[in-house]
Amino acid sequence: MTAANLLLIVMVGGLTAYALLAGADFGGGVWDLLARGRDAADQRRLISASLGPVWEANHVWLIFVLVALFSGFSAAFGVIGSTLALPLLAALVGIVLRGSAYVYRAYGGGAAGPDHLWGHVFAVASTITPFALGVTGAALATGDLSEGDPARPFTNPFGLVCGLFAVTVTAFLAAVYLCRDAAASPATEHLVPGLRRRALGGALAAGTLAAVLLPLLWSHAPVVAHRFGEGSVPFAVASAAGGIAALVLLWRRRFTAARLAAGLAVAGVLWGGAAAQYPDLVVGRATVASSAAPEPNLVALLIAIAAGMAVIVPSTVLLFRLFARPDHSTD
């Protein structure tokens, strides 16, 4: 295996960590936006408590992937930066507004304005960000990019459906995660049935959008579609199995196991997409081989990443162990 391919695998692993951690946070914002009924206030408090003090740490994985892309595949980074500025800017604005709004609502006590206003900003920004990232991912698969038309990714039907798919997947993931948090305390256990229904709704919506994406994939990203059968089918099967298992485990109140199954479902989507797109980083524009830095540079970068992960991974695990809500569920 070449250093370039190993770096690519590490980057997809970083994206997976970002999807499973920050993705669930974004999904929590989606449910915050959609919270209705007599339990709406309790749902929002649960979401806020579940994010806790660890939400900002999850963005370290996105920063890691961007730095690795810039350092290891600078030509591809240039193509992405010059053609996908608008969806990436939308994602960045969403991340910043979401973080600011969360802090003002959770800790501001009304000093920066009405808490309910910041709650709306938090919820809307949490929805915009995964949508923009989904559009970005679709643009990389289609290669339908233009330096002179920054809005072009938002005019592609495949990209728009991918954006909606990303939102529904994060919502599904968040609903599964929140079930365990709700079951951890008698004060919030009454929210579990509603969250299980939301998880089912998120799974059905994601499955429906996946079915819509299949014909769009063949018409708008034929290169990726033709490669799908070469290495992505096992990932697709694992994703479907994980999603079904998560719903069954939720029904049986096995909430920790359901989290793992839901994570498998999301990871299968990411790794399947990456396998189908390989060896292209941007279809028709940049491949792994054409964009890679010299081999010695990549080896040095991988050594630096290994050293960094020796610090980041234990620190992240410790952070979650210290601040995660205690589990008093039936697991």
# chains A, B, ... in the order shown; residues from 1 in each chain; ligands from 1
$ closest_atom_pairs --of "stretch 78-143 of chain A" --to "stretch 278-292 of chain A" --cutoff "6 Å" --atoms "only C-alpha atoms" --output "JSON lines"
{"residue": "A:Leu140", "atom": "CA", "partner": "A:Val282", "partner_atom": "CA", "distance": 4.7}
{"residue": "A:Ala141", "atom": "CA", "partner": "A:Val283", "partner_atom": "CA", "distance": 5.6}
{"residue": "A:Gly143", "atom": "CA", "partner": "A:Val283", "partner_atom": "CA", "distance": 4.8}
$ write_last_selection --atoms "N, CA and C atoms" --output "compact mmCIF listing (two decimals), in the first residue's frame"
# COMPACT_ATOMS: atom_id res chain seq x y z
N LEU A 140 -18.19 16.42 -5.32
CA LEU A 140 -16.94 15.68 -5.53
C LEU A 140 -17.18 14.41 -6.34
N ALA A 141 -18.35 13.80 -6.19
CA ALA A 141 -18.66 12.56 -6.91
C ALA A 141 -19.08 12.81 -8.34
N GLY A 143 -18.28 15.72 -10.16
CA GLY A 143 -17.32 16.53 -10.91
C GLY A 143 -17.97 17.69 -11.62
$ closest_residue --among "A:Pro314, A:Gly23, A:Gly229, A:Pro153" --to "A:Ser126" --atoms "only C-alpha atoms"
A:Gly23
$ atom_distance --atom1 "atom CA of A:Gly207" --atom2 "atom CA of A:Ala275"
20.2 Å
$ closest_residue --among "A:Ala203, A:Ala91, A:Ala221, A:Gly27" --to "A:Ser239" --atoms "only C-alpha atoms"
A:Ala203
$ residues_around --residues "A:Ile80" --least-positions-apart "3" --cutoff "10 Å" --atoms "only C-alpha atoms" --output "ChimeraX atom specification"
/A:74-77,83-85,88,136,139-140,145,147,281-282,285-286
$ write_last_selection --atoms "N, CA and C atoms" --output "compact mmCIF listing (two decimals), in the first residue's frame"
# COMPACT_ATOMS: atom_id res chain seq x y z
N SER A 74 -2.52 18.56 -2.19
CA SER A 74 -2.71 20.00 -2.34
C SER A 74 -3.41 20.36 -3.65
N ALA A 75 -3.17 19.60 -4.72
CA ALA A 75 -3.84 19.90 -6.00
C ALA A 75 -5.35 19.72 -5.87
N ALA A 76 -5.77 18.65 -5.22
CA ALA A 76 -7.20 18.43 -5.01
C ALA A 76 -7.77 19.50 -4.09
N PHE A 77 -7.01 19.90 -3.08
CA PHE A 77 -7.45 20.96 -2.17
C PHE A 77 -7.69 22.25 -2.95
N THR A 83 -13.80 25.79 -6.38
CA THR A 83 -15.08 25.47 -7.00
C THR A 83 -16.21 25.23 -5.99
N LEU A 84 -15.86 24.94 -4.76
CA LEU A 84 -16.88 24.61 -3.76
C LEU A 84 -16.89 25.61 -2.61
N ALA A 85 -16.49 26.84 -2.91
CA ALA A 85 -16.41 27.86 -1.86
C ALA A 85 -17.78 28.13 -1.24
N LEU A 88 -19.07 25.19 1.08
CA LEU A 88 -18.17 25.12 2.23
C LEU A 88 -18.33 26.33 3.13
N THR A 136 -21.62 19.26 -0.87
CA THR A 136 -20.19 19.24 -1.19
C THR A 136 -19.74 17.85 -1.58
N ALA A 139 -20.90 16.95 -5.05
CA ALA A 139 -20.14 17.64 -6.09
C ALA A 139 -18.81 16.95 -6.37
N LEU A 140 -18.19 16.42 -5.32
CA LEU A 140 -16.94 15.68 -5.53
C LEU A 140 -17.18 14.41 -6.34
N LEU A 145 -18.47 20.90 -11.53
CA LEU A 145 -17.95 22.06 -10.83
C LEU A 145 -17.53 23.13 -11.83
N GLU A 147 -15.30 27.01 -11.74
CA GLU A 147 -14.66 28.10 -10.99
C GLU A 147 -15.46 29.39 -11.08
N LEU A 281 -10.36 11.86 -6.18
CA LEU A 281 -10.71 12.73 -5.06
C LEU A 281 -11.80 13.70 -5.50
N VAL A 282 -11.65 14.23 -6.72
CA VAL A 282 -12.69 15.02 -7.38
C VAL A 282 -12.84 14.41 -8.76
N ARG A 285 -11.36 15.63 -12.12
CA ARG A 285 -10.49 16.78 -11.85
C ARG A 285 -9.19 16.40 -11.15
N ALA A 286 -9.27 15.50 -10.18
CA ALA A 286 -8.09 15.17 -9.38
C ALA A 286 -8.20 13.75 -8.86
$ atom_distance --atom1 "atom CA of A:Gly81" --atom2 "atom CA of A:Val12"
18.8 Å
$ closest_residue --among "A:Gly99, A:Leu7, A:Val313, A:Cys162" --to "A:Ser71" --atoms "only C-alpha atoms"
A:Leu7
$ residues_around --residues "A:Ala257" --least-positions-apart "5" --cutoff "9 Å" --atoms "only C-alpha atoms" --output "PDB file with C-alpha atoms, in the first residue's frame"
ATOM      1  CA  ALA A 245     -30.378  -3.681  13.823  1.00  0.00           C
ATOM      2  CA  ALA A 246     -30.450  -0.239  15.440  1.00  0.00           C
ATOM      3  CA  LEU A 249     -32.318  -2.866  19.447  1.00  0.00           C
ATOM      4  CA  LEU A 250     -34.165   0.365  20.211  1.00  0.00           C
ATOM      5  CA  ALA A 262     -26.525   3.126  14.077  1.00  0.00           C
ATOM      6  CA  ASP A 331     -28.498  -1.904  29.433  1.00  0.00           C
TER       7      ASP A 331
END
$ atom_distance --atom1 "atom CA of A:Leu62" --atom2 "atom CA of A:Val299"
21.1 Å
$ closest_residue --among "A:Gly94, A:Gly148, A:Gly72, A:Gly263" --to "A:Gly29" --atoms "only C-alpha atoms"
A:Gly94
$ closest_residue --among "A:Ala175, A:Leu20, A:Leu322, A:Val233" --to "A:Gln43" --atoms "only C-alpha atoms"
A:Ala175
$ residues_around --residues "A:Ile305" --least-positions-apart "3" --cutoff "12 Å" --atoms "only C-alpha atoms" --output "PyMOL selection string"
chain A and resi 6-7+10-11+14+61+64-65+67-68+71-72+298-302+308-313
$ closest_residue --among "A:Leu270, A:Ala3, A:Leu8, A:Ala307" --to "A:Phe235" --atoms "only C-alpha atoms"
A:Leu270
